[in-house]
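Raw entry37.csv, CSV, C-alpha atoms:
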```csv
chain,number,residue,atom,x,y,z
A,1,MET,CA,122.2,105.8,83.6
A,2,ALA,CA,122.1,106.5,87.3
A,3,GLU,CA,119.0,105.5,89.1
A,4,GLU,CA,116.7,108.4,90.1
A,5,ALA,CA,113.9,108.5,92.6
A,6,VAL,CA,111.1,110.6,94.0
A,7,VAL,CA,111.9,111.2,97.7
A,8,THR,CA,109.6,113.0,100.2
A,9,VAL,CA,111.5,114.8,102.9
A,10,ARG,CA,109.5,115.5,106.1
A,11,LEU,CA,111.1,118.6,107.7
A,12,VAL,CA,110.6,118.1,111.4
A,13,ARG,CA,110.7,121.4,113.4
A,14,SER,CA,109.2,120.1,116.6
A,15,PHE,CA,108.4,116.5,117.7
A,16,GLU,CA,106.4,117.7,120.8
A,17,HIS,CA,104.2,119.9,118.8
A,18,ARG,CA,104.0,117.7,115.7
A,19,ASN,CA,105.3,120.6,113.7
A,20,PHE,CA,106.5,119.4,110.3
A,21,LYS,CA,106.2,120.0,106.6
A,22,SER,CA,106.7,117.6,103.7
A,23,VAL,CA,108.7,118.6,100.6
A,24,VAL,CA,108.9,116.4,97.5
A,25,PHE,CA,112.2,116.0,95.6
A,26,HIS,CA,112.1,114.6,92.1
A,27,ARG,CA,115.0,113.1,90.2
A,28,VAL,CA,117.0,112.3,93.3
A,29,ARG,CA,120.2,110.4,92.4
A,30,LEU,CA,120.4,107.4,94.6
A,31,GLU,CA,124.2,107.0,94.2
A,32,GLN,CA,124.9,110.4,95.9
A,33,THR,CA,126.0,110.3,99.5
A,34,VAL,CA,123.7,111.0,102.4
A,35,GLN,CA,125.7,114.2,103.2
A,36,ARG,CA,125.4,115.5,99.7
A,37,PHE,CA,121.6,114.9,99.7
A,38,MET,CA,121.2,116.7,103.1
A,39,GLN,CA,123.2,119.7,101.7
A,40,LEU,CA,121.0,119.7,98.6
A,41,VAL,CA,117.8,119.7,100.7
A,42,ARG,CA,119.2,122.5,103.0
A,43,GLU,CA,120.0,124.7,99.9
A,44,ASP,CA,116.6,124.0,98.3
A,45,ILE,CA,114.4,124.8,101.3
A,46,VAL,CA,116.0,128.2,101.8
A,47,THR,CA,114.6,129.4,98.5
A,48,ARG,CA,111.5,127.2,98.3
A,49,GLN,CA,108.2,129.1,97.9
A,50,GLY,CA,105.4,128.5,100.4
A,51,LEU,CA,107.7,127.1,103.1
A,52,PRO,CA,107.3,129.1,106.4
A,53,LEU,CA,110.5,130.9,107.6
A,54,PRO,CA,111.0,128.8,110.7
A,55,PHE,CA,111.4,125.7,108.5
A,56,LYS,CA,113.9,127.5,106.3
A,57,LYS,CA,116.2,128.6,109.1
A,58,TYR,CA,116.2,125.5,111.2
A,59,THR,CA,119.4,123.5,111.6
A,60,TYR,CA,118.6,120.0,110.4
A,61,ASP,CA,121.4,117.4,110.7
A,62,THR,CA,119.9,113.9,110.6
A,63,MET,CA,117.8,111.9,108.2
A,64,LYS,CA,115.7,108.8,109.1
A,65,ILE,CA,113.6,106.6,106.8
A,66,ILE,CA,109.9,106.9,107.8
A,67,HIS,CA,108.2,105.0,105.1
A,68,GLN,CA,109.0,103.1,101.8
A,69,ALA,CA,106.6,102.5,99.0
A,70,HIS,CA,104.4,99.4,99.6
A,71,GLY,CA,105.7,99.2,103.2
A,72,ALA,CA,103.8,99.5,106.5
A,73,LYS,CA,103.3,102.9,107.9
A,74,THR,CA,104.0,103.8,111.6
A,75,ASN,CA,101.2,104.9,113.9
A,76,GLU,CA,103.4,107.7,115.2
A,77,LEU,CA,102.3,111.1,113.9
A,78,VAL,CA,105.7,112.5,113.2
A,79,MET,CA,107.9,109.4,112.9
A,80,SER,CA,108.7,106.1,114.5
A,81,LEU,CA,111.1,106.0,117.5
A,82,GLU,CA,112.0,102.4,116.6
A,83,ASP,CA,114.9,100.9,114.6
A,84,ASP,CA,117.3,103.9,114.7
A,85,GLU,CA,120.3,101.6,113.9
A,86,LYS,CA,118.6,100.5,110.7
A,87,LEU,CA,116.7,103.5,109.6
A,88,ILE,CA,118.9,106.6,110.4
A,89,LEU,CA,121.0,107.4,107.4
A,90,GLN,CA,124.7,107.2,107.9
A,91,ASP,CA,127.0,110.0,106.5
A,92,GLY,CA,129.4,107.8,104.5
A,93,GLN,CA,126.7,105.8,102.7
A,94,THR,CA,125.0,106.4,99.4
A,95,LEU,CA,121.2,106.9,99.6
A,96,GLU,CA,120.8,103.6,97.8
A,97,ALA,CA,123.0,101.7,100.4
A,98,ALA,CA,121.1,103.4,103.2
A,99,GLY,CA,117.9,101.9,101.9
A,100,VAL,CA,116.4,104.9,100.1
A,101,ALA,CA,114.5,103.9,96.9
A,102,ASN,CA,111.8,105.4,94.7
A,103,GLU,CA,108.9,106.9,96.8
A,104,THR,CA,110.7,106.7,100.1
A,105,GLU,CA,109.8,109.2,102.8
A,106,VAL,CA,112.5,110.4,105.1
A,107,ALA,CA,112.4,112.7,108.1
A,108,PHE,CA,115.0,115.5,108.3
A,109,PHE,CA,115.5,116.8,111.9
A,110,ARG,CA,117.9,117.9,114.5
A,111,LYS,CA,119.3,114.9,116.3
A,112,GLU,CA,119.5,116.6,119.7
A,113,ASP,CA,115.7,117.4,119.5
A,114,TYR,CA,115.0,113.8,118.6
A,115,GLU,CA,117.1,112.4,121.5
A,116,LEU,CA,115.3,114.6,124.0
A,117,TYR,CA,111.9,113.7,122.6
A,118,LYS,CA,112.8,110.0,122.5
A,119,ALA,CA,113.8,110.1,126.2
A,120,ASN,CA,110.4,111.7,127.1
A,121,PRO,CA,107.9,111.2,124.1
A,122,GLN,CA,105.2,113.6,125.3
A,123,THR,CA,103.3,115.7,122.8
A,124,ALA,CA,102.1,119.2,123.5
A,125,TRP,CA,99.2,121.0,122.0
```
Just give me the structure as structure tokens.
Amino acid sequence: MAEEAVVTVRLVRSFEHRNFKSVVFHRVRLEQTVQRFMQLVREDIVTRQGLPLPFKKYTYDTMKIIHQAHGAKTNELVMSLEDDEKLILQDGQTLEAAGVANETEVAFFRKEDYELYKANPQTAW
């Protein structure tokens, strides 16, 4: 039987305004590719009840591991700006090969927004 996991996806709408919503996905197959999982999340959030419209219509294109069960959490409110090479999920990989396990939390965001924020990590209220 394929390994399944609970994965929390943090939909990041704005880094500057700390605008994000977390959505929990149960029974995620870890042998699926990163691209397939991103597509599954995009399809799910369009019809998910209780999720504000701006989150449903946003163009997410990148995932990064924020936290894994029993691991240290970052002090950053949205997500860490460190270790991109290790933590950003690569398209050709399976979730398992990318380091996703049961109770992993990943951020889903637009890479362009992340790069702009990383260059000037200021928050706005």
TODO: Just give me the gap between atom CA of Lys118 of chain A and atom CA of Val12 of chain A in Å, one decimal is fine.
DONE: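 Between atom CA of Lys118 of chain A and atom CA of Val12 of chain A the gap is 13.9 Å.
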TODO: Rounded to one decimal place, report the atom CA of Ala5 of chain A-atom CA of Tyr58 of chain A distance in Å.
DONE: 25.3 Å
- [ ] Considering only C-alpha atoms, return as a list in words whatever protein or nucleic-acid residues lie within 7 Å of segment 31-43 of chain A, sequence-local ones (same chain, fewer than 5 positions apart) excluded.
- [x]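 With the cut-off at 7 Å, the set is Leu89, Gln90, Asp91, Gly92, Gln93, Thr94, Leu95 and Glu96 of chain A.
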- [ ] With a distance cut-off of 9 Å and all atoms listed in the file, select the neighbouring residues of Asp113 of chain A, excluding the residue or stretch itself and same-chain residues fewer than 5 positions from it, and output the selection as an NGL selection string.
- [x] :A and (13-15 or 118)
Task: atom CA of Val100 of chain A to atom CA of Pro121 of chain A, straight-line distance in Å - done: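 A separation of 26.2 Å between them.
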Task: All residues 9 Å or closer to Thr8 of chain A, only C-alpha atoms, same chain fewer than 6 positions away omitted, as number ranges by chain - done: A: 22-26, 103-107
Generate a file of the selected residues that holds C-alpha atoms, formatted as a CSV table (one decimal), in the coordinates of the input.
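The file below, again_39.csv, is the result:
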```csv
chain,number,residue,atom,x,y,z
A,22,SER,CA,106.7,117.6,103.7
A,23,VAL,CA,108.7,118.6,100.6
A,24,VAL,CA,108.9,116.4,97.5
A,25,PHE,CA,112.2,116.0,95.6
A,26,HIS,CA,112.1,114.6,92.1
A,103,GLU,CA,108.9,106.9,96.8
A,104,THR,CA,110.7,106.7,100.1
A,105,GLU,CA,109.8,109.2,102.8
A,106,VAL,CA,112.5,110.4,105.1
A,107,ALA,CA,112.4,112.7,108.1
```
Open item on the list: Please determine, counting all atoms listed in the file, which residue among A:Val9, A:Tyr114, A:Asn102, A:Phe109 has the shortest atom-to-atom distance to Thr59 of chain A.
Closed with: A:Phe109
Open item on the list: From the options A:Arg29, A:Lys57, A:Lys111, A:His67, which residue's atoms come nearest to Glu4 of chain A, counting all atoms listed in the file?
Closed with: A:Arg29
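Residue nearest Ala97 of chain A within the list A:Ile66, A:Val7, A:Leu81, A:Leu30: A:Leu30 [criterion: smallest interatomic distance, only C-alpha atoms].
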